[in-house]
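Chemist: Below are the structure tokens for one structure; questions will follow.
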Amino acid sequence: MKRMEEAAKDRCCSSLEPIHLDLKLTRLPAKFLMKTHQKKLLCRVESLVLLGTAIKREDDQKDKLDPIPFDLEVEILTRLPAKSLMKFQCVSKMWSFIIRSQRFVDSYYALSSTRSRFTVTFSNGLFAEDDARRLFIFSSSYEEEKSSSLVAKLDITIPVVTMDYRSKCPSIHGFVSCCNGPQFIVCNPSTRQVITLPIKGPRASLGYDPVGEQFKVLNLVSSPDMYLGFLVHEVITLGGGGEESRNQVTTAPYYPVTKGLYINGSIYHGAWAPRLRMDPVIVCFDVRYESLSFIKAPRVVVVRERESILIDYKGKLASIAINPYAPFQIFDLWILEDVNKHDWSKQTFELPFSLVNMTSPGTNKAGEIIFAPKTLPPTVQPFFIFYYNVETKDLRRVSLHGIADDKEFWRRYGLKHNMCVSISPEHVESLILKDPGKKQGRERLGEGVLPYYFP
């Protein structure tokens with residue numbers, strides 16, 4: 001019986017197929033098996049990996065961006081200050097080529113002409129030691145014309161150059177010039193290049209030919225006291241290689257009174273001709289054609305060098321006539337309306353209060369007449385200039401900060417008293433370079449090598 005039960009059990013088990021179990025080990029993430037500080041470290045590593053991947057993708061996208069278009073690159077450069085552009089020539093050959101090109105120089109000047117500026121020039125006193133003599137050229141902007149204060153910056157200092165009470169340092173087409181004994185100084189404050197020209201007479205003026213794009217210096221060589229029956233002038237033409245040529249121009253004798261004033265292609269200065277203190281005239285030098293002519297003038301326009309004030313009034317030659325024996329409060333404005341007919345107009349104005357030791361360098365673009373001191377204050381004091389509106393009859397005072405108004409500046413440069421000042425009301429930043437190392441020739445200005453710089 002027992003055997004029969006075992007046999008039946010074996011037959012039943014053999015009829016069932018075996019069940020195969022496929023068991024897989026499911027592993028939990030490592031951070032669930034870690035301790036707390038290990039979990040934080042792993043999360044930080046994962047974040048860094050994800051951030052690195054994102055940065056790499058962003059860099060790959062940047063690499064795929066197109067370069068800045070050439071025209072846009074040039075446009076950006078034209079918006080930069082001139083001093084920065086002089087340094088940026090060392091960045092790359094392409095930038096150097098762009099900045100030195102005549103097309104860029106012209107474009108930069110045209111854009112700078114819309115940003116009105118003026119210059120203030122002075123030297124550190126007539127009584128300074130020879131090795132301490134120095135010419136300072138500052139510039140400021142008219143951008144906030146109604147502001148009560150402006151800030152000037154020092155553009156350049158030129159050693160061994162001084163000024164006296166008769167000196168003028170006008171800015172013409174971006175260049176500032178002045179006489180320094182037997183030398184005529186021409187400099188570009190933006191590029192800090194200085195050119196020294198030997199002259200044969202104490203009277204010399206810088207002019208510009210806008211058609212031929214040339215700078216020329218008119219130098220009176222002979223004196224009317226020589227009784228030669230004529231006067232000899234020397235015209236020095238500046239080209240790409242500095243001094244290019246010297247030509248002589250003769251004219252009928254006259255007795256010069258004022259310094260030269262450049263206006264729209266011509267240089268004007270007051271004189272007596274032919275009789276001294278009898279026949280007042282304005283001598284006009286045409287810079288392009290190198291010819292001189294005489295314009296009859298009212299007697300009060302040509303009086304004495306210190307009292308005769310010639311200015312550029314809205315593109316016309318004008319004169320501010322004052323009574324030298326009365327306070328400077330009432331003045332006459334004489335305007336040359338017609339050069340060919342020698343026609344002058346006259347207007348009389350009265351200021352709200354008297355001005356002391358003042359002169360007028362001209363007008364700003366708004367047509368306001370500028371009055372400025374002839375000398376700097378004898379001590380550290382603010383420097384003020386005045387603007388007179390001929391229509392509203394308003395006179396406003398503007399403080400010009402940065403003009404030798406701190407003791408450290410006086411100590412560093414050894415400033416003395418009697419520091420004569422010359423203000424040029426219209427200044428334009430220019431990139432024109434003149435390479436003294438080039439051979440003489442009619443190269444286009446602005447394509448020379450880098451000039452020497454003064455601090």
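A note on labels: chains of the structure tokens are A, B, ... as shown, every chain counts residues from 1, and ligands are counted from 1 in their shown order.
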Can you pull out the residues contacting range 150-152 of chain A? Cut-off 8 Å, using only C-alpha atoms, and skip same-chain residues under 4 positions away; I want them as an mmCIF file with all heavy atoms, in the first residue's frame.

Modeler:
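Resulting contents of result.cif:
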```cif
data_model
loop_
_atom_site.group_PDB
_atom_site.id
_atom_site.type_symbol
_atom_site.label_atom_id
_atom_site.label_comp_id
_atom_site.auth_asym_id
_atom_site.auth_seq_id
_atom_site.Cartn_x
_atom_site.Cartn_y
_atom_site.Cartn_z
ATOM 1 N N PHE A 138 44.753 123.522 -22.532
ATOM 2 C CA PHE A 138 43.577 122.844 -21.991
ATOM 3 C C PHE A 138 42.453 122.907 -23.031
ATOM 4 O O PHE A 138 42.459 123.763 -23.914
ATOM 5 C CB PHE A 138 43.092 123.512 -20.702
ATOM 6 C CG PHE A 138 44.010 123.343 -19.523
ATOM 7 C CD1 PHE A 138 45.186 124.077 -19.412
ATOM 8 C CD2 PHE A 138 43.687 122.455 -18.510
ATOM 9 C CE1 PHE A 138 46.020 123.937 -18.313
ATOM 10 C CE2 PHE A 138 44.513 122.303 -17.403
ATOM 11 C CZ PHE A 138 45.676 123.038 -17.316
ATOM 12 N N SER A 139 41.488 122.034 -22.889
ATOM 13 C CA SER A 139 40.301 122.091 -23.731
ATOM 14 C C SER A 139 39.079 121.729 -22.907
ATOM 15 O O SER A 139 39.162 121.002 -21.916
ATOM 16 C CB SER A 139 40.424 121.149 -24.938
ATOM 17 O OG SER A 139 40.400 119.794 -24.523
ATOM 18 N N SER A 140 37.930 122.254 -23.338
ATOM 19 C CA SER A 140 36.672 121.971 -22.667
ATOM 20 C C SER A 140 35.564 121.917 -23.703
ATOM 21 O O SER A 140 35.734 122.346 -24.845
ATOM 22 C CB SER A 140 36.363 123.045 -21.607
ATOM 23 O OG SER A 140 35.168 122.751 -20.925
ATOM 24 N N SER A 141 34.416 121.404 -23.278
ATOM 25 C CA SER A 141 33.295 121.202 -24.182
ATOM 26 C C SER A 141 32.204 122.219 -23.906
ATOM 27 O O SER A 141 32.017 122.671 -22.770
ATOM 28 C CB SER A 141 32.744 119.783 -24.039
ATOM 29 O OG SER A 141 31.572 119.620 -24.807
ATOM 30 N N GLU A 144 27.106 121.531 -22.444
ATOM 31 C CA GLU A 144 26.089 122.117 -21.566
ATOM 32 C C GLU A 144 26.272 123.625 -21.556
ATOM 33 O O GLU A 144 26.829 124.205 -20.636
ATOM 34 C CB GLU A 144 26.191 121.536 -20.161
ATOM 35 C CG GLU A 144 25.949 120.033 -20.104
ATOM 36 C CD GLU A 144 25.997 119.503 -18.694
ATOM 37 O OE1 GLU A 144 26.134 120.321 -17.759
ATOM 38 O OE2 GLU A 144 25.888 118.278 -18.528
ATOM 39 N N VAL A 398 30.414 131.806 -16.061
ATOM 40 C CA VAL A 398 30.644 130.367 -16.039
ATOM 41 C C VAL A 398 31.997 130.104 -15.396
ATOM 42 O O VAL A 398 33.009 130.711 -15.770
ATOM 43 C CB VAL A 398 30.607 129.765 -17.464
ATOM 44 C CG1 VAL A 398 30.950 128.282 -17.425
ATOM 45 C CG2 VAL A 398 29.235 129.977 -18.085
ATOM 46 N N SER A 399 32.008 129.210 -14.426
ATOM 47 C CA SER A 399 33.249 128.820 -13.766
ATOM 48 C C SER A 399 33.891 127.674 -14.548
ATOM 49 O O SER A 399 33.234 126.676 -14.853
ATOM 50 C CB SER A 399 32.966 128.382 -12.338
ATOM 51 O OG SER A 399 34.135 127.888 -11.717
ATOM 52 N N LEU A 400 35.172 127.835 -14.867
ATOM 53 C CA LEU A 400 35.902 126.829 -15.631
ATOM 54 C C LEU A 400 36.852 126.092 -14.688
ATOM 55 O O LEU A 400 37.888 126.604 -14.304
ATOM 56 C CB LEU A 400 36.677 127.492 -16.772
ATOM 57 C CG LEU A 400 37.243 126.574 -17.851
ATOM 58 C CD1 LEU A 400 36.159 125.725 -18.482
ATOM 59 C CD2 LEU A 400 37.942 127.395 -18.935
ATOM 60 N N HIS A 401 36.478 124.876 -14.305
ATOM 61 C CA HIS A 401 37.262 124.100 -13.348
ATOM 62 C C HIS A 401 38.403 123.368 -14.063
ATOM 63 O O HIS A 401 38.272 122.942 -15.218
ATOM 64 C CB HIS A 401 36.364 123.080 -12.640
ATOM 65 C CG HIS A 401 35.251 123.694 -11.862
ATOM 66 N ND1 HIS A 401 35.448 124.298 -10.645
ATOM 67 C CD2 HIS A 401 33.921 123.812 -12.138
ATOM 68 C CE1 HIS A 401 34.293 124.755 -10.192
ATOM 69 N NE2 HIS A 401 33.349 124.478 -11.077
ATOM 70 N N GLY A 402 39.518 123.218 -13.341
ATOM 71 C CA GLY A 402 40.658 122.480 -13.872
ATOM 72 C C GLY A 402 41.761 123.344 -14.435
ATOM 73 O O GLY A 402 42.809 122.825 -14.817
ATOM 74 N N ILE A 403 41.565 124.655 -14.509
ATOM 75 C CA ILE A 403 42.581 125.562 -15.053
ATOM 76 C C ILE A 403 43.466 126.047 -13.906
ATOM 77 O O ILE A 403 43.210 127.087 -13.298
ATOM 78 C CB ILE A 403 41.940 126.748 -15.797
ATOM 79 C CG1 ILE A 403 40.991 126.270 -16.885
ATOM 80 C CG2 ILE A 403 43.029 127.652 -16.390
ATOM 81 C CD1 ILE A 403 41.681 125.529 -18.020
#
```

Chemist: Write out as a PyMOL selection string each polymer residue whose atoms come within 6 Å of Asn219 in chain A, counting only C-alpha atoms; drop sequence neighbours fewer than 3 positions from it.

Modeler: chain A and resi 203-204+233-234

Chemist: Which neighbours of Val249 in chain A fall inside 9 Å, counting only C-alpha atoms, when residues of the same chain fewer than 3 positions from it are skipped, and could you give them as number ranges by chain?

Modeler: A: 231-235, 290-292

Chemist: Pull N, CA and C atoms from the residues just selected and write them as a CSV table (one decimal), in the first residue's frame.

Modeler:
```csv
chain,number,residue,atom,x,y,z
A,231,LEU,N,56.7,145.5,-48.7
A,231,LEU,CA,57.0,144.6,-47.6
A,231,LEU,C,57.1,143.2,-48.2
A,232,VAL,N,57.9,142.4,-47.5
A,232,VAL,CA,58.2,141.0,-47.9
A,232,VAL,C,57.6,140.1,-46.9
A,233,HIS,N,56.7,139.2,-47.4
A,233,HIS,CA,56.1,138.1,-46.6
A,233,HIS,C,56.7,136.8,-47.0
A,234,GLU,N,56.8,135.9,-46.1
A,234,GLU,CA,57.1,134.5,-46.5
A,234,GLU,C,55.9,133.6,-46.1
A,235,VAL,N,55.6,132.8,-47.1
A,235,VAL,CA,54.4,131.8,-46.9
A,235,VAL,C,55.0,130.4,-46.8
A,290,GLU,N,47.4,132.9,-52.0
A,290,GLU,CA,48.6,133.5,-51.4
A,290,GLU,C,48.7,135.0,-51.9
A,291,SER,N,47.6,135.7,-51.8
A,291,SER,CA,47.5,137.1,-52.2
A,291,SER,C,47.1,138.0,-51.1
A,292,LEU,N,47.5,139.2,-51.0
A,292,LEU,CA,47.1,140.2,-50.0
A,292,LEU,C,46.3,141.3,-50.6
```

Chemist: What does the structure give for the distance between CA of Ser422 in chain A and CA of Arg133 in chain A, in Å to one decimal?

Modeler: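 According to the coordinates, CA of Ser422 in chain A and CA of Arg133 in chain A are separated by 16.3 Å.
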
Chemist: Skip range 255-271 of chain A itself and residues of its chain fewer than 3 positions away, then list as a VMD selection string all residues within 6 Å of it, counting only C-alpha atoms.

Modeler: chain A and resid 205 208 to 209 281 to 287 302 305

Chemist: Taking the DSSP secondary structure from the backbone, can you list the residues of range 148-311 of chain A that are strand (DSSP E or B), as a ChimeraX atom specification?

Modeler: /A:149-159,171-172,175-180,183-188,193-198,203-209,214-220,231-239,242-251,255-256,261-263,266-272,280-286,291-296,309-311

Chemist: May I ask for the distance between CA of Lys168 in chain A and CA of Asn180 in chain A, given in Å to one decimal place?

Modeler: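 Spanning CA of Lys168 in chain A to CA of Asn180 in chain A is a straight-line distance of 10.7 Å.
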
Chemist: Find the spatial neighbours of Ser308 in chain A, counting only C-alpha atoms, within a cut-off of 8 Å - ignore same-chain residues fewer than 6 positions away - and output them as an NGL selection string.

Modeler: :A and (258 or 300-302 or 319-321)

Chemist: Could you please take those selected residues and save all heavy atoms as a compact mmCIF listing (two decimals), in the first residue's frame?

Modeler:
```
# COMPACT_ATOMS: atom_id res chain seq x y z
N THR A 258 47.51 144.57 -35.21
CA THR A 258 46.98 143.43 -34.46
C THR A 258 47.57 142.11 -34.96
O THR A 258 48.18 142.05 -36.02
CB THR A 258 45.44 143.36 -34.60
OG1 THR A 258 45.12 143.00 -35.96
CG2 THR A 258 44.80 144.68 -34.25
N VAL A 300 38.19 153.34 -35.17
CA VAL A 300 38.13 152.71 -33.85
C VAL A 300 38.44 151.22 -33.92
O VAL A 300 38.75 150.60 -32.89
CB VAL A 300 36.73 152.92 -33.23
CG1 VAL A 300 36.49 154.38 -32.91
CG2 VAL A 300 35.64 152.37 -34.14
N VAL A 301 38.34 150.63 -35.10
CA VAL A 301 38.67 149.21 -35.25
C VAL A 301 40.17 149.00 -35.15
O VAL A 301 40.64 147.98 -34.63
CB VAL A 301 38.12 148.68 -36.60
CG1 VAL A 301 38.62 147.27 -36.87
CG2 VAL A 301 36.60 148.71 -36.59
N VAL A 302 40.94 149.96 -35.65
CA VAL A 302 42.39 149.87 -35.62
C VAL A 302 42.91 151.02 -34.76
O VAL A 302 43.11 152.13 -35.23
CB VAL A 302 42.99 149.95 -37.04
CG1 VAL A 302 44.51 149.79 -36.98
CG2 VAL A 302 42.38 148.92 -37.95
N SER A 319 34.72 143.54 -34.98
CA SER A 319 35.62 144.17 -34.02
C SER A 319 34.81 144.67 -32.84
O SER A 319 33.71 145.22 -33.00
CB SER A 319 36.37 145.34 -34.66
OG SER A 319 37.11 146.06 -33.69
N ILE A 320 35.35 144.45 -31.64
CA ILE A 320 34.75 145.00 -30.43
C ILE A 320 35.56 146.22 -30.03
O ILE A 320 36.73 146.11 -29.66
CB ILE A 320 34.73 143.96 -29.29
CG1 ILE A 320 33.78 142.81 -29.66
CG2 ILE A 320 34.33 144.60 -27.96
CD1 ILE A 320 33.69 141.74 -28.61
N ALA A 321 34.95 147.38 -30.16
CA ALA A 321 35.63 148.65 -29.89
C ALA A 321 35.20 149.18 -28.53
O ALA A 321 34.00 149.30 -28.25
CB ALA A 321 35.30 149.67 -30.98
```

Chemist: Write out as a list in words each polymer residue whose atoms come within 10 Å of range 72-81 of chain A, counting only C-alpha atoms; drop sequence neighbours fewer than 2 positions from it.

Modeler: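 Contacts, with the query itself left out: Pro67, Ile68, Pro69, Phe70, Lys83, Ser84, Leu85, Met86, Phe88, Trp95, Ile98, Ile99, Phe104, Val105, Ser107, Tyr108, Tyr109, Ala110, Leu111, Ser112, Ser190, Glu429 and Ser430 of chain A.
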
Chemist: Which residue, A:Asp343, A:Asp405, A:Asp332, A:Asp164, has the smallest gap to Lys374 in chain A when you use only C-alpha atoms?

Modeler: A:Asp164

Chemist: So how far away is CA of Asn364 in chain A from CA of Asp312 in chain A, in Å?

Modeler: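 Computing the Euclidean distance for CA of Asp312 in chain A and CA of Asn364 in chain A yields 9.7 Å.
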
Chemist: List every residue of range 107-345 of chain A that DSSP, applied to the backbone of this structure, places in alpha helix (DSSP H), and write the result as a list of chain:residue names.

Modeler: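 Residues of range 107-345 of chain A classed as alpha helix (DSSP H): A:Ser107, A:Tyr108, A:Tyr109, A:Ala110, A:Leu111, A:Ser112.
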